[in-house]
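Asks: Below you'll find run.pdb; it's PDB, C-alpha atoms and all ligand atoms.
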ATOM      1  CA  PHE A   1     -26.994  24.799  29.973
ATOM      2  CA  LYS A   2     -26.177  23.133  33.242
ATOM      3  CA  TYR A   3     -29.657  21.633  33.299
ATOM      4  CA  LEU A   4     -30.181  20.609  29.683
ATOM      5  CA  PRO A   5     -31.866  17.240  28.977
ATOM      6  CA  PRO A   6     -29.436  14.470  27.826
ATOM      7  CA  LEU A   7     -29.895  14.818  24.038
ATOM      8  CA  ASN A   8     -29.575  18.616  24.066
ATOM      9  CA  LEU A   9     -26.615  18.279  26.388
ATOM     10  CA  GLY A  10     -25.021  15.960  23.838
ATOM     11  CA  HIS A  11     -25.582  18.496  21.062
ATOM     12  CA  LYS A  12     -24.195  21.251  23.252
ATOM     13  CA  TYR A  13     -21.111  19.178  24.051
ATOM     14  CA  PHE A  14     -20.246  18.607  20.390
ATOM     15  CA  GLU A  15     -20.936  22.247  19.651
ATOM     16  CA  LEU A  16     -18.264  23.112  22.203
ATOM     17  CA  TYR A  17     -15.871  20.311  21.177
ATOM     18  CA  PRO A  18     -16.507  19.729  17.463
ATOM     19  CA  LYS A  19     -13.253  17.790  17.040
ATOM     20  CA  GLU A  20     -14.572  15.087  19.354
ATOM     21  CA  SER A  21     -17.644  14.379  17.223
ATOM     22  CA  GLU A  22     -15.616  11.802  15.320
ATOM     23  CA  PRO A  23     -15.253   8.566  17.322
ATOM     24  CA  LEU A  24     -11.913   6.945  18.008
ATOM     25  CA  TRP A  25     -12.383   3.274  18.836
ATOM     26  CA  THR A  26      -9.944   2.033  21.440
ATOM     27  CA  ASN A  27      -9.449  -1.632  22.180
ATOM     28  CA  PRO A  28     -12.051  -2.834  24.700
ATOM     29  CA  CYS A  29      -9.921  -5.901  25.432
ATOM     30  CA  ILE A  30      -7.131  -3.842  26.993
ATOM     31  CA  ASP A  31      -9.257  -2.497  29.843
ATOM     32  CA  LYS A  32     -11.267  -4.788  32.167
ATOM     33  CA  ARG A  33     -14.063  -2.240  32.651
ATOM     34  CA  HIS A  34     -14.470  -1.749  28.909
ATOM     35  CA  LYS A  35     -14.606  -5.474  28.409
ATOM     36  CA  LEU A  36     -17.492  -5.671  30.869
ATOM     37  CA  ILE A  37     -19.362  -2.837  29.158
ATOM     38  CA  TRP A  38     -18.891  -4.466  25.770
ATOM     39  CA  ASN A  39     -19.762  -7.876  27.163
ATOM     40  CA  LEU A  40     -16.638  -9.211  25.516
ATOM     41  CA  ASN A  41     -15.071 -12.378  26.682
ATOM     42  CA  GLU A  42     -11.391 -13.123  26.258
ATOM     43  CA  THR A  43     -11.738 -16.450  24.458
ATOM     44  CA  LEU A  44     -14.868 -15.593  22.536
ATOM     45  CA  THR A  45     -14.135 -12.291  20.944
ATOM     46  CA  CYS A  46     -10.854 -10.631  21.822
ATOM     47  CA  SER A  47      -8.888 -13.229  19.876
ATOM     48  CA  LYS A  48     -10.782 -12.193  16.740
ATOM     49  CA  PHE A  49      -8.974  -8.879  16.408
ATOM     50  CA  PRO A  50      -6.472  -9.132  13.555
ATOM     51  CA  LYS A  51      -2.829  -9.165  14.495
ATOM     52  CA  ILE A  52      -1.512  -8.395  11.019
ATOM     53  CA  LEU A  53      -2.666  -5.712   8.592
ATOM     54  CA  ILE A  54      -1.539  -5.418   4.986
ATOM     55  CA  LEU A  55      -1.762  -1.662   4.413
ATOM     56  CA  GLY A  56      -1.122  -1.362   0.681
ATOM     57  CA  PRO A  57      -0.614   0.816  -1.281
ATOM     58  CA  GLN A  58      -2.924  -0.263  -4.091
ATOM     59  CA  LYS A  59      -1.383  -1.991  -7.150
ATOM     60  CA  THR A  60       1.739  -3.224  -5.403
ATOM     61  CA  GLY A  61       0.729  -6.903  -5.168
ATOM     62  CA  THR A  62      -1.503  -6.760  -2.078
ATOM     63  CA  THR A  63      -4.008  -9.295  -3.453
ATOM     64  CA  ALA A  64      -1.207 -11.753  -4.183
ATOM     65  CA  LEU A  65       0.192 -11.419  -0.674
ATOM     66  CA  ASN A  66      -3.309 -11.777   0.759
ATOM     67  CA  LEU A  67      -3.780 -15.029  -1.154
ATOM     68  CA  PHE A  68      -0.337 -16.346  -0.261
ATOM     69  CA  LEU A  69      -0.853 -15.688   3.463
ATOM     70  CA  SER A  70      -4.389 -17.113   3.371
ATOM     71  CA  SER A  71      -3.098 -20.392   2.011
ATOM     72  CA  HIS A  72      -1.083 -20.890   5.204
ATOM     73  CA  PRO A  73      -3.128 -22.922   7.715
ATOM     74  CA  GLN A  74      -2.137 -20.626  10.575
ATOM     75  CA  PHE A  75      -3.362 -17.417   8.929
ATOM     76  CA  GLU A  76      -7.028 -16.509   8.588
ATOM     77  CA  PRO A  77      -8.145 -13.552   6.437
ATOM     78  CA  ASN A  78     -11.297 -11.551   7.106
ATOM     79  CA  LEU A  79     -14.579 -12.654   5.546
ATOM     80  CA  SER A  80     -15.415 -10.755   2.376
ATOM     81  CA  THR A  81     -17.712  -7.740   2.504
ATOM     82  CA  LYS A  82     -20.552  -6.672   0.210
ATOM     83  CA  GLU A  83     -18.956  -3.293  -0.322
ATOM     84  CA  HIS A  84     -15.298  -4.027  -0.966
ATOM     85  CA  PHE A  85     -14.999  -7.803  -1.634
ATOM     86  CA  GLU A  86     -11.880  -9.095   0.108
ATOM     87  CA  GLU A  87     -11.180  -5.788   1.856
ATOM     88  CA  THR A  88     -12.823  -4.463   5.028
ATOM     89  CA  GLN A  89     -11.647  -0.835   4.592
ATOM     90  CA  PHE A  90     -12.705  -0.433   8.227
ATOM     91  CA  PHE A  91      -9.989   2.042   9.201
ATOM     92  CA  SER A  92     -10.645   4.174   6.113
ATOM     93  CA  SER A  93     -14.210   4.427   4.778
ATOM     94  CA  GLU A  94     -16.165   2.017   7.037
ATOM     95  CA  TYR A  95     -14.999   3.250  10.430
ATOM     96  CA  HIS A  96     -18.398   4.616  11.455
ATOM     97  CA  LYS A  97     -19.801   1.051  11.343
ATOM     98  CA  GLY A  98     -18.087   0.370  14.650
ATOM     99  CA  ILE A  99     -16.137  -2.410  16.325
ATOM    100  CA  ASP A 100     -19.021  -4.908  16.335
ATOM    101  CA  TRP A 101     -19.217  -4.726  12.560
ATOM    102  CA  TYR A 102     -15.460  -5.072  12.247
ATOM    103  CA  LEU A 103     -15.327  -8.090  14.538
ATOM    104  CA  SER A 104     -18.185  -9.755  12.684
ATOM    105  CA  LEU A 105     -15.845  -9.993   9.687
ATOM    106  CA  PHE A 106     -13.403 -12.268  11.479
ATOM    107  CA  LYS A 107     -13.801 -15.908  12.326
ATOM    108  CA  PHE A 108     -13.530 -17.010  15.905
ATOM    109  CA  ASN A 109     -10.716 -19.538  16.071
ATOM    110  CA  ARG A 110     -10.564 -22.123  18.812
ATOM    111  CA  ASN A 111      -7.005 -22.862  17.809
ATOM    112  CA  ASP A 112      -4.813 -20.455  19.782
ATOM    113  CA  SER A 113      -2.093 -20.328  17.195
ATOM    114  CA  THR A 114      -4.365 -19.055  14.395
ATOM    115  CA  ILE A 115      -3.652 -15.472  13.426
ATOM    116  CA  ASN A 116      -6.402 -13.330  11.927
ATOM    117  CA  PHE A 117      -5.288 -10.721   9.444
ATOM    118  CA  GLU A 118      -6.719  -8.297   6.935
ATOM    119  CA  LYS A 119      -5.595  -6.337   3.898
ATOM    120  CA  SER A 120      -7.101  -3.057   2.802
ATOM    121  CA  ALA A 121      -4.828  -1.462   0.271
ATOM    122  CA  ASN A 122      -6.096   2.082   0.759
ATOM    123  CA  TYR A 123      -4.986   2.258   4.417
ATOM    124  CA  PHE A 124      -1.431   3.184   3.427
ATOM    125  CA  SER A 125      -2.237   6.684   2.186
ATOM    126  CA  ASP A 126      -5.379   7.282   4.249
ATOM    127  CA  SER A 127      -4.994  10.334   6.461
ATOM    128  CA  LYS A 128      -6.880   8.832   9.427
ATOM    129  CA  ALA A 129      -5.875   5.156   9.312
ATOM    130  CA  PRO A 130      -2.591   5.381  11.305
ATOM    131  CA  LYS A 131      -4.233   7.043  14.321
ATOM    132  CA  ARG A 132      -7.270   4.754  14.180
ATOM    133  CA  ILE A 133      -5.222   1.561  13.908
ATOM    134  CA  LYS A 134      -2.955   2.685  16.729
ATOM    135  CA  ALA A 135      -6.010   3.240  18.972
ATOM    136  CA  LEU A 136      -7.642  -0.123  18.287
ATOM    137  CA  LEU A 137      -4.733  -2.424  17.471
ATOM    138  CA  PRO A 138      -1.651  -0.859  19.078
ATOM    139  CA  ASP A 139       0.385  -4.080  18.837
ATOM    140  CA  ALA A 140      -0.519  -5.042  15.272
ATOM    141  CA  LYS A 141       2.159  -5.951  12.765
ATOM    142  CA  LEU A 142       1.867  -3.866   9.619
ATOM    143  CA  ILE A 143       2.949  -4.926   6.155
ATOM    144  CA  ILE A 144       3.640  -2.322   3.475
ATOM    145  CA  ILE A 145       4.558  -3.319  -0.085
ATOM    146  CA  TYR A 146       6.558  -1.065  -2.379
ATOM    147  CA  ILE A 147       7.215  -1.195  -6.090
ATOM    148  CA  ASP A 148       8.707   1.535  -8.240
ATOM    149  CA  PRO A 149       6.139   4.343  -7.732
ATOM    150  CA  GLY A 150       6.126   5.082 -11.472
ATOM    151  CA  LYS A 151       5.079   1.494 -12.233
ATOM    152  CA  ARG A 152       2.458   1.754  -9.513
ATOM    153  CA  ALA A 153       1.111   4.927 -11.106
ATOM    154  CA  TYR A 154       0.852   3.251 -14.515
ATOM    155  CA  SER A 155      -0.769   0.159 -13.016
ATOM    156  CA  TRP A 156      -3.427   2.373 -11.379
ATOM    157  CA  TYR A 157      -4.068   4.160 -14.677
ATOM    158  CA  ASN A 158      -4.591   0.790 -16.369
ATOM    159  CA  HIS A 159      -6.756  -0.375 -13.478
ATOM    160  CA  MET A 160      -9.008   2.631 -14.095
ATOM    161  CA  ARG A 161      -9.033   1.927 -17.834
ATOM    162  CA  ALA A 162     -10.085  -1.642 -17.133
ATOM    163  CA  HIS A 163     -12.933  -0.216 -15.044
ATOM    164  CA  ASN A 164     -13.953   2.009 -17.973
ATOM    165  CA  ASP A 165     -13.032   5.246 -16.269
ATOM    166  CA  ARG A 166     -13.996   7.898 -18.813
ATOM    167  CA  ILE A 167     -10.821   9.952 -18.413
ATOM    168  CA  ALA A 168      -8.445   6.989 -18.423
ATOM    169  CA  ILE A 169     -10.116   5.706 -21.608
ATOM    170  CA  LYS A 170     -10.098   9.097 -23.335
ATOM    171  CA  TYR A 171      -6.526  10.224 -22.610
ATOM    172  CA  THR A 172      -3.101   8.611 -22.754
ATOM    173  CA  PHE A 173      -1.135   8.132 -19.563
ATOM    174  CA  TYR A 174       1.222  10.915 -20.572
ATOM    175  CA  GLU A 175      -1.680  13.302 -21.199
ATOM    176  CA  VAL A 176      -3.085  12.498 -17.755
ATOM    177  CA  LEU A 177       0.280  13.082 -16.068
ATOM    178  CA  ASN A 178       0.667  16.448 -17.784
ATOM    179  CA  LEU A 179      -2.999  17.428 -17.556
ATOM    180  CA  GLU A 180      -3.087  17.884 -21.325
ATOM    181  CA  VAL A 181      -6.862  17.564 -21.478
ATOM    182  CA  LYS A 182      -9.945  19.530 -22.485
ATOM    183  CA  SER A 183     -10.896  22.135 -19.876
ATOM    184  CA  GLU A 184     -14.162  20.335 -19.045
ATOM    185  CA  ASP A 185     -12.154  17.204 -18.132
ATOM    186  CA  LEU A 186      -9.540  19.006 -16.067
ATOM    187  CA  GLU A 187     -11.009  18.417 -12.596
ATOM    188  CA  MET A 188     -11.572  14.692 -13.130
ATOM    189  CA  THR A 189      -8.130  14.319 -14.676
ATOM    190  CA  LYS A 190      -6.576  16.006 -11.674
ATOM    191  CA  GLN A 191      -8.268  13.435  -9.448
ATOM    192  CA  LEU A 192      -7.042  10.529 -11.553
ATOM    193  CA  ARG A 193      -3.520  11.983 -11.684
ATOM    194  CA  LEU A 194      -3.532  12.375  -7.896
ATOM    195  CA  ARG A 195      -4.516   8.734  -7.361
ATOM    196  CA  CYS A 196      -1.769   7.686  -9.771
ATOM    197  CA  LEU A 197       0.942   9.711  -8.087
ATOM    198  CA  ASP A 198       0.105  10.469  -4.472
ATOM    199  CA  PRO A 199       0.266   6.976  -2.859
ATOM    200  CA  GLY A 200       3.678   6.605  -4.531
ATOM    201  CA  GLU A 201       5.120   9.357  -2.349
ATOM    202  CA  TYR A 202       6.324   6.648  -0.010
ATOM    203  CA  ALA A 203       8.542   8.698   2.322
ATOM    204  CA  LYS A 204       5.679  11.067   3.192
ATOM    205  CA  TYR A 205       3.404   8.219   4.249
ATOM    206  CA  LEU A 206       6.012   5.919   5.809
ATOM    207  CA  ARG A 207       7.124   8.788   8.025
ATOM    208  CA  LYS A 208       3.563   9.145   9.266
ATOM    209  CA  TRP A 209       3.239   5.397  10.033
ATOM    210  CA  LEU A 210       6.561   5.517  11.874
ATOM    211  CA  SER A 211       5.267   8.360  14.024
ATOM    212  CA  TYR A 212       2.535   6.041  15.355
ATOM    213  CA  PHE A 213       4.203   2.616  15.322
ATOM    214  CA  LYS A 214       7.556   1.187  16.300
ATOM    215  CA  LYS A 215       9.841   0.238  13.463
ATOM    216  CA  SER A 216       9.745  -3.383  14.675
ATOM    217  CA  GLN A 217       5.987  -3.466  13.970
ATOM    218  CA  ILE A 218       6.397  -2.522  10.319
ATOM    219  CA  LEU A 219       7.508  -4.924   7.625
ATOM    220  CA  LEU A 220       8.522  -3.356   4.321
ATOM    221  CA  LEU A 221       8.113  -5.788   1.495
ATOM    222  CA  ASP A 222       9.716  -5.335  -1.888
ATOM    223  CA  GLY A 223       6.866  -5.874  -4.334
ATOM    224  CA  GLU A 224       9.297  -6.727  -7.114
ATOM    225  CA  LEU A 225      10.579  -9.623  -4.994
ATOM    226  CA  LEU A 226       7.019 -10.714  -4.376
ATOM    227  CA  LYS A 227       6.716 -11.125  -8.139
ATOM    228  CA  THR A 228      10.021 -12.901  -8.671
ATOM    229  CA  ASN A 229      10.441 -14.905  -5.469
ATOM    230  CA  PRO A 230      10.543 -18.559  -6.543
ATOM    231  CA  ASN A 231       7.406 -20.506  -5.878
ATOM    232  CA  SER A 232       5.702 -21.870  -8.934
ATOM    233  CA  TYR A 233       6.085 -19.668 -11.977
ATOM    234  CA  ASP A 234       3.318 -19.649 -14.525
ATOM    235  CA  SER A 235       4.916 -19.009 -17.912
ATOM    236  CA  LYS A 236       1.583 -18.017 -19.498
ATOM    237  CA  LYS A 237       0.483 -15.645 -16.724
ATOM    238  CA  LYS A 238       4.091 -14.493 -16.214
ATOM    239  CA  PHE A 239       3.528 -14.425 -12.452
ATOM    240  CA  PHE A 240       3.919 -16.934  -9.643
ATOM    241  CA  CYS A 241       0.890 -18.985  -8.795
ATOM    242  CA  LEU A 242       0.077 -21.361  -5.970
ATOM    243  CA  PHE A 243      -0.467 -25.091  -6.096
ATOM    244  CA  VAL A 244      -3.323 -25.951  -3.761
ATOM    245  CA  HIS A 245      -4.216 -29.650  -3.462
ATOM    246  CA  GLY A 246      -2.401 -30.347  -6.701
ATOM    247  CA  ARG A 247      -4.277 -27.647  -8.659
ATOM    248  CA  ARG A 248      -2.786 -24.419  -9.930
ATOM    249  CA  LYS A 249      -4.345 -21.307  -8.413
ATOM    250  CA  CYS A 250      -3.419 -18.036 -10.158
ATOM    251  CA  LEU A 251      -4.917 -14.622  -9.434
ATOM    252  CA  GLY A 252      -7.770 -13.550 -11.742
ATOM    253  CA  SER A 253      -7.460 -11.585 -14.972
ATOM    254  CA  GLY A 254      -7.734  -8.265 -13.072
ATOM    255  CA  LYS A 255      -4.322  -8.848 -11.490
ATOM    256  CA  GLY A 256      -1.254  -8.928 -13.692
ATOM    257  CA  ARG A 257      -3.124  -7.232 -16.518
ATOM    258  CA  LYS A 258      -1.823  -7.110 -20.041
ATOM    259  CA  TYR A 259      -1.395  -3.536 -21.167
ATOM    260  CA  GLU A 260       0.792  -1.496 -23.527
ATOM    261  CA  PRO A 261       4.327  -0.987 -22.237
ATOM    262  CA  ILE A 262       4.755   2.400 -20.637
ATOM    263  CA  ASP A 263       5.967   5.091 -23.081
ATOM    264  CA  PHE A 264       9.407   6.616 -22.760
ATOM    265  CA  LYS A 265       8.213  10.178 -22.137
ATOM    266  CA  SER A 266       6.060   9.041 -19.208
ATOM    267  CA  ILE A 267       8.988   7.117 -17.717
ATOM    268  CA  GLU A 268      11.082  10.250 -17.915
ATOM    269  CA  TYR A 269       8.281  12.314 -16.385
ATOM    270  CA  LEU A 270       7.837   9.845 -13.517
ATOM    271  CA  ASN A 271      11.562   9.530 -12.821
ATOM    272  CA  ASN A 272      11.640  13.294 -12.480
ATOM    273  CA  TYR A 273       8.457  13.482 -10.473
ATOM    274  CA  PHE A 274       9.458  10.858  -7.904
ATOM    275  CA  ASN A 275      13.173  11.646  -7.742
ATOM    276  CA  ASP A 276      13.104  13.762  -4.566
ATOM    277  CA  SER A 277      10.448  11.697  -2.827
ATOM    278  CA  ASN A 278      12.307   8.454  -3.644
ATOM    279  CA  PHE A 279      15.515   9.932  -2.303
ATOM    280  CA  GLU A 280      13.698  10.912   0.913
ATOM    281  CA  PHE A 281      12.310   7.376   1.095
ATOM    282  CA  PHE A 282      15.784   5.921   0.547
ATOM    283  CA  LYS A 283      17.256   8.053   3.365
ATOM    284  CA  LEU A 284      14.355   7.219   5.682
ATOM    285  CA  ILE A 285      14.602   3.440   5.337
ATOM    286  CA  LYS A 286      18.383   3.614   5.590
ATOM    287  CA  LYS A 287      18.073   5.604   8.790
ATOM    288  CA  TYR A 288      15.765   2.942  10.239
ATOM    289  CA  SER A 289      18.015   0.129   8.898
ATOM    290  CA  MET A 290      15.102  -1.314   6.938
ATOM    291  CA  ASP A 291      15.747  -3.383   3.810
ATOM    292  CA  ILE A 292      16.255  -1.279   0.710
ATOM    293  CA  PRO A 293      14.149  -2.563  -2.198
ATOM    294  CA  ILE A 294      16.048  -3.588  -5.324
ATOM    295  CA  TRP A 295      14.278  -1.032  -7.513
ATOM    296  CA  LEU A 296      15.368   1.850  -5.289
ATOM    297  CA  ASN A 297      18.962   2.680  -6.119
ATOM    298  CA  PHE A 298      20.749   5.897  -5.383
TER     299      PHE A 298
HETATM  300  P1  LIG B 301      -0.889  -5.227 -12.767
HETATM  301  O1  LIG B 301      -2.214  -5.887 -13.010
HETATM  302  O2  LIG B 301      -0.880  -3.775 -13.127
HETATM  303  O3  LIG B 301       0.286  -5.975 -13.368
HETATM  304  P2  LIG B 301      -2.969  -5.149  -6.063
HETATM  305  O4  LIG B 301      -3.432  -6.526  -5.766
HETATM  306  O5  LIG B 301      -2.296  -4.504  -4.859
HETATM  307  O6  LIG B 301      -4.034  -4.324  -6.690
HETATM  308  O7  LIG B 301      -1.783  -5.249  -7.101
HETATM  309  C1  LIG B 301      -1.996  -5.736  -8.416
HETATM  310  C2  LIG B 301      -0.631  -6.043  -8.989
HETATM  311  O8  LIG B 301      -0.066  -7.180  -8.322
HETATM  312  C3  LIG B 301      -0.648  -6.457 -10.441
HETATM  313  O9  LIG B 301      -0.611  -5.257 -11.179
HETATM  314  C4  LIG B 301       0.635  -7.309 -10.570
HETATM  315  O10 LIG B 301       1.702  -6.592 -11.157
HETATM  316  C5  LIG B 301       1.012  -7.622  -9.116
HETATM  317  N1  LIG B 301       1.241  -9.027  -8.790
HETATM  318  C6  LIG B 301       2.212  -9.458  -7.918
HETATM  319  N2  LIG B 301       2.192 -10.784  -7.812
HETATM  320  C7  LIG B 301       1.185 -11.246  -8.628
HETATM  321  C8  LIG B 301       0.683 -12.548  -8.945
HETATM  322  N3  LIG B 301       1.211 -13.637  -8.375
HETATM  323  N4  LIG B 301      -0.345 -12.638  -9.831
HETATM  324  C9  LIG B 301      -0.877 -11.523 -10.405
HETATM  325  N5  LIG B 301      -0.446 -10.257 -10.133
HETATM  326  C10 LIG B 301       0.572 -10.113  -9.251
END
Would it be possible to restate this file's structure as structure tokens?

Replies:
Amino acid sequence: FKYLPPLNLGHKYFELYPKESEPLWTNPCIDKRHKLIWNLNETLTCSKFPKILILGPQKTGTTALNLFLSSHPQFEPNLSTKEHFEETQFFSSEYHKGIDWYLSLFKFNRNDSTINFEKSANYFSDSKAPKRIKALLPDAKLIIIYIDPGKRAYSWYNHMRAHNDRIAIKYTFYEVLNLEVKSEDLEMTKQLRLRCLDPGEYAKYLRKWLSYFKKSQILLLDGELLKTNPNSYDSKKKFFCLFVHGRRKCLGSGKGRKYEPIDFKSIEYLNNYFNDSNFEFFKLIKKYSMDIPIWLNF
């Protein structure tokens, strides 16, 4: 195949190296030659790359943090997308769209001190996101928010109920956790249960992020503090809201939902389920001298 035409040669190459068929975008701004190929210009485009990423996980208060940061004149969030509203999800599901697409979601700022940032709450537990972010944005600051993983699980269940998920509507939280469902619903219930529990295994995922990024690049934020940190408390919403130009700006009804308090048996189940993983998480953040969240006590 020494003399194959270009397209066939391409096919042959990926046949021999199938692992390389998935692209890994590196930062064209770091290498002069790449910058020339991409026709990028320092002031025009390189400054658009976000310097801060809010990684999630989902249901920990990522939308609130996104709004709070956006209200600061120095911070500029990405433009919203058709697919995922305020999230780009570039490093998870939209990666194949390429760097041009990603950059088109950020404003070009003439003001040097403006910092572009993005939040996509599914990055935290995405298997490919750490490697991809490291390749494109090796110096980015990463923000991870944690709440009690049991509360996170219940919040996700209620999120799915609010979106009329058939399984979440049909079965109680406890039934989902214990897979006490009809056999024809078992597979879908397993999926829902996984999305309730898996992102809450914080130590497993934090360890992975720490294998790609320096500790100084990662900010752990206690999601309980995000809820209770004094700003302007809205006694009706029971969350903090912002005052922008004299007007109160709370998050919409999809955030800070009203739902039944979690039942005792589920609390017990979750305490058991997360006990080892929380202890691992506790040891890990202690080892790295990171702040221990108030809800995590051993
Ligand atoms: P609940 O709706 O289950 O209470 P995310 O934006 O990552 O999906 O997280 C949603 C969660 O953010 C909400 O879950 C709520 O508990 C929490 N939250 C934190 N601060 C908030 C605020 N100021 N307004 C509304 N929800 C807030």

Asks: Taking into account all atoms listed in the file, which residue in the set A:Phe282, A:Phe243, A:Trp209, A:Tyr17 is nearest to ligand LIG 301 (chain B)?

Replies: A:Phe243

Asks: Can you tell me which residues surround range 214-230 of chain A at a distance of at most 6 Å, considering all atoms listed in the file, apart from same-chain residues fewer than 2 positions away, and format the answer as a list of chain:residue names?

Replies: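 The contact residues come out as A:Thr60, A:Lys141, A:Leu142, A:Ile143, A:Ile144, A:Ile145, A:Tyr146, A:Ile147, A:Pro293.
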
Asks: Please produce a file of the residues just selected, as a short mmCIF file (atom, residue, chain, number, x, y, z; two decimals), in the frame of the given file, where the atoms kept are C-alpha atoms.

Replies:
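Done, and the output landed in part20.cif:
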data_model
loop_
_atom_site.label_atom_id
_atom_site.label_comp_id
_atom_site.auth_asym_id
_atom_site.auth_seq_id
_atom_site.Cartn_x
_atom_site.Cartn_y
_atom_site.Cartn_z
CA THR A 60 1.74 -3.22 -5.40
CA LYS A 141 2.16 -5.95 12.76
CA LEU A 142 1.87 -3.87 9.62
CA ILE A 143 2.95 -4.93 6.16
CA ILE A 144 3.64 -2.32 3.48
CA ILE A 145 4.56 -3.32 -0.08
CA TYR A 146 6.56 -1.06 -2.38
CA ILE A 147 7.22 -1.20 -6.09
CA PRO A 293 14.15 -2.56 -2.20
#

Asks: List all protein, DNA and RNA residues that have at least one atom no more than 9 Å from any atom of ligand LIG 301 (chain B), counting all atoms listed in the file, and write them as a ChimeraX atom specification.

Replies: /A:56-68,121,145,151-152,154-159,223-228,233-234,237-242,250-259

Asks: Given the file above and the PyMOL selection byres (((chain A and resi 90) around 12) and not hetatm), which residues are selected, and can you give them as a count of residues only?

Replies: 39

Asks: What do you get, as a PyMOL selection string, if you spell out every residue that the PyMOL selection byres (((chain A and resi 189) around 9) and not hetatm) selects here?

Replies: chain A and resi 167-168+176-177+179+181+185-188+190-194

Asks: Which residue gives the smallest distance to Asn27 in chain A among A:Lys82, A:Arg248, A:Lys48, A:His163, with all atoms listed in the file counted?

Replies: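 Residue with the minimum atom-to-atom distance to Asn27 in chain A: A:Lys48.
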
Asks: Kindly provide, as a VMD selection string, the polymer residues lying within 12 Å of (-2.9, -20.5, 6.4), counting all atoms listed in the file and using the coordinates exactly as they appear in the file.

Replies: chain A and resid 65 to 77 113 to 117 244

Asks: Identify the residues around (-17.3, -4.1, 25.4) within a radius of 12 Å, measuring from all atoms listed in the file in the coordinates stated by the file, and give them as a PyMOL selection string.

Replies: chain A and resi 25-42+45-46+98-100+103

Asks: Could you tell me how far CA of Lys249 in chain A lies from CA of Met160 in chain A, in Å and to one decimal?

Replies: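 So the answer is 25.0 Å.
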
Asks: Give me, please, the distance in Å between CA of Ser80 in chain A and CA of Asn109 in chain A, quoted to one decimal.

Replies: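 One can read the CA of Ser80 in chain A to CA of Asn109 in chain A distance as 16.9 Å.
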
Asks: Report the distance between CA of Gly200 in chain A and CA of Leu79 in chain A in Å, rounded to one decimal place.

Replies: 28.4 Å

Asks: A:Phe279, A:Tyr13, A:Phe124, A:Phe108: which is nearest Tyr205 in chain A, counting only C-alpha atoms?

Replies: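 Checking each of A:Phe279, A:Tyr13, A:Phe124, A:Phe108 against Tyr205 in chain A, counting only C-alpha atoms, the winner is A:Phe124.
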
Asks: Quick one: of A:Lys286, A:Glu180, A:Pro149, A:Arg166, who's nearest to Asn272 in chain A, counting only C-alpha atoms?

Replies: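 Using only C-alpha atoms, Asn272 in chain A sits closest to A:Pro149.
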
Asks: With only C-alpha atoms as the atoms that count, which of A:Lys265, A:Arg207, A:His11, A:Lys2 lies nearest to Tyr174 in chain A?

Replies: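 Checking each of A:Lys265, A:Arg207, A:His11, A:Lys2 against Tyr174 in chain A, counting only C-alpha atoms, the winner is A:Lys265.
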
Asks: So, counting all atoms listed in the file, which residue among A:Leu137, A:Leu24, A:Leu296, A:Leu9 is closest to Ser47 in chain A?

Replies: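 That would be A:Leu137, the residue with the smallest distance to Ser47 in chain A.
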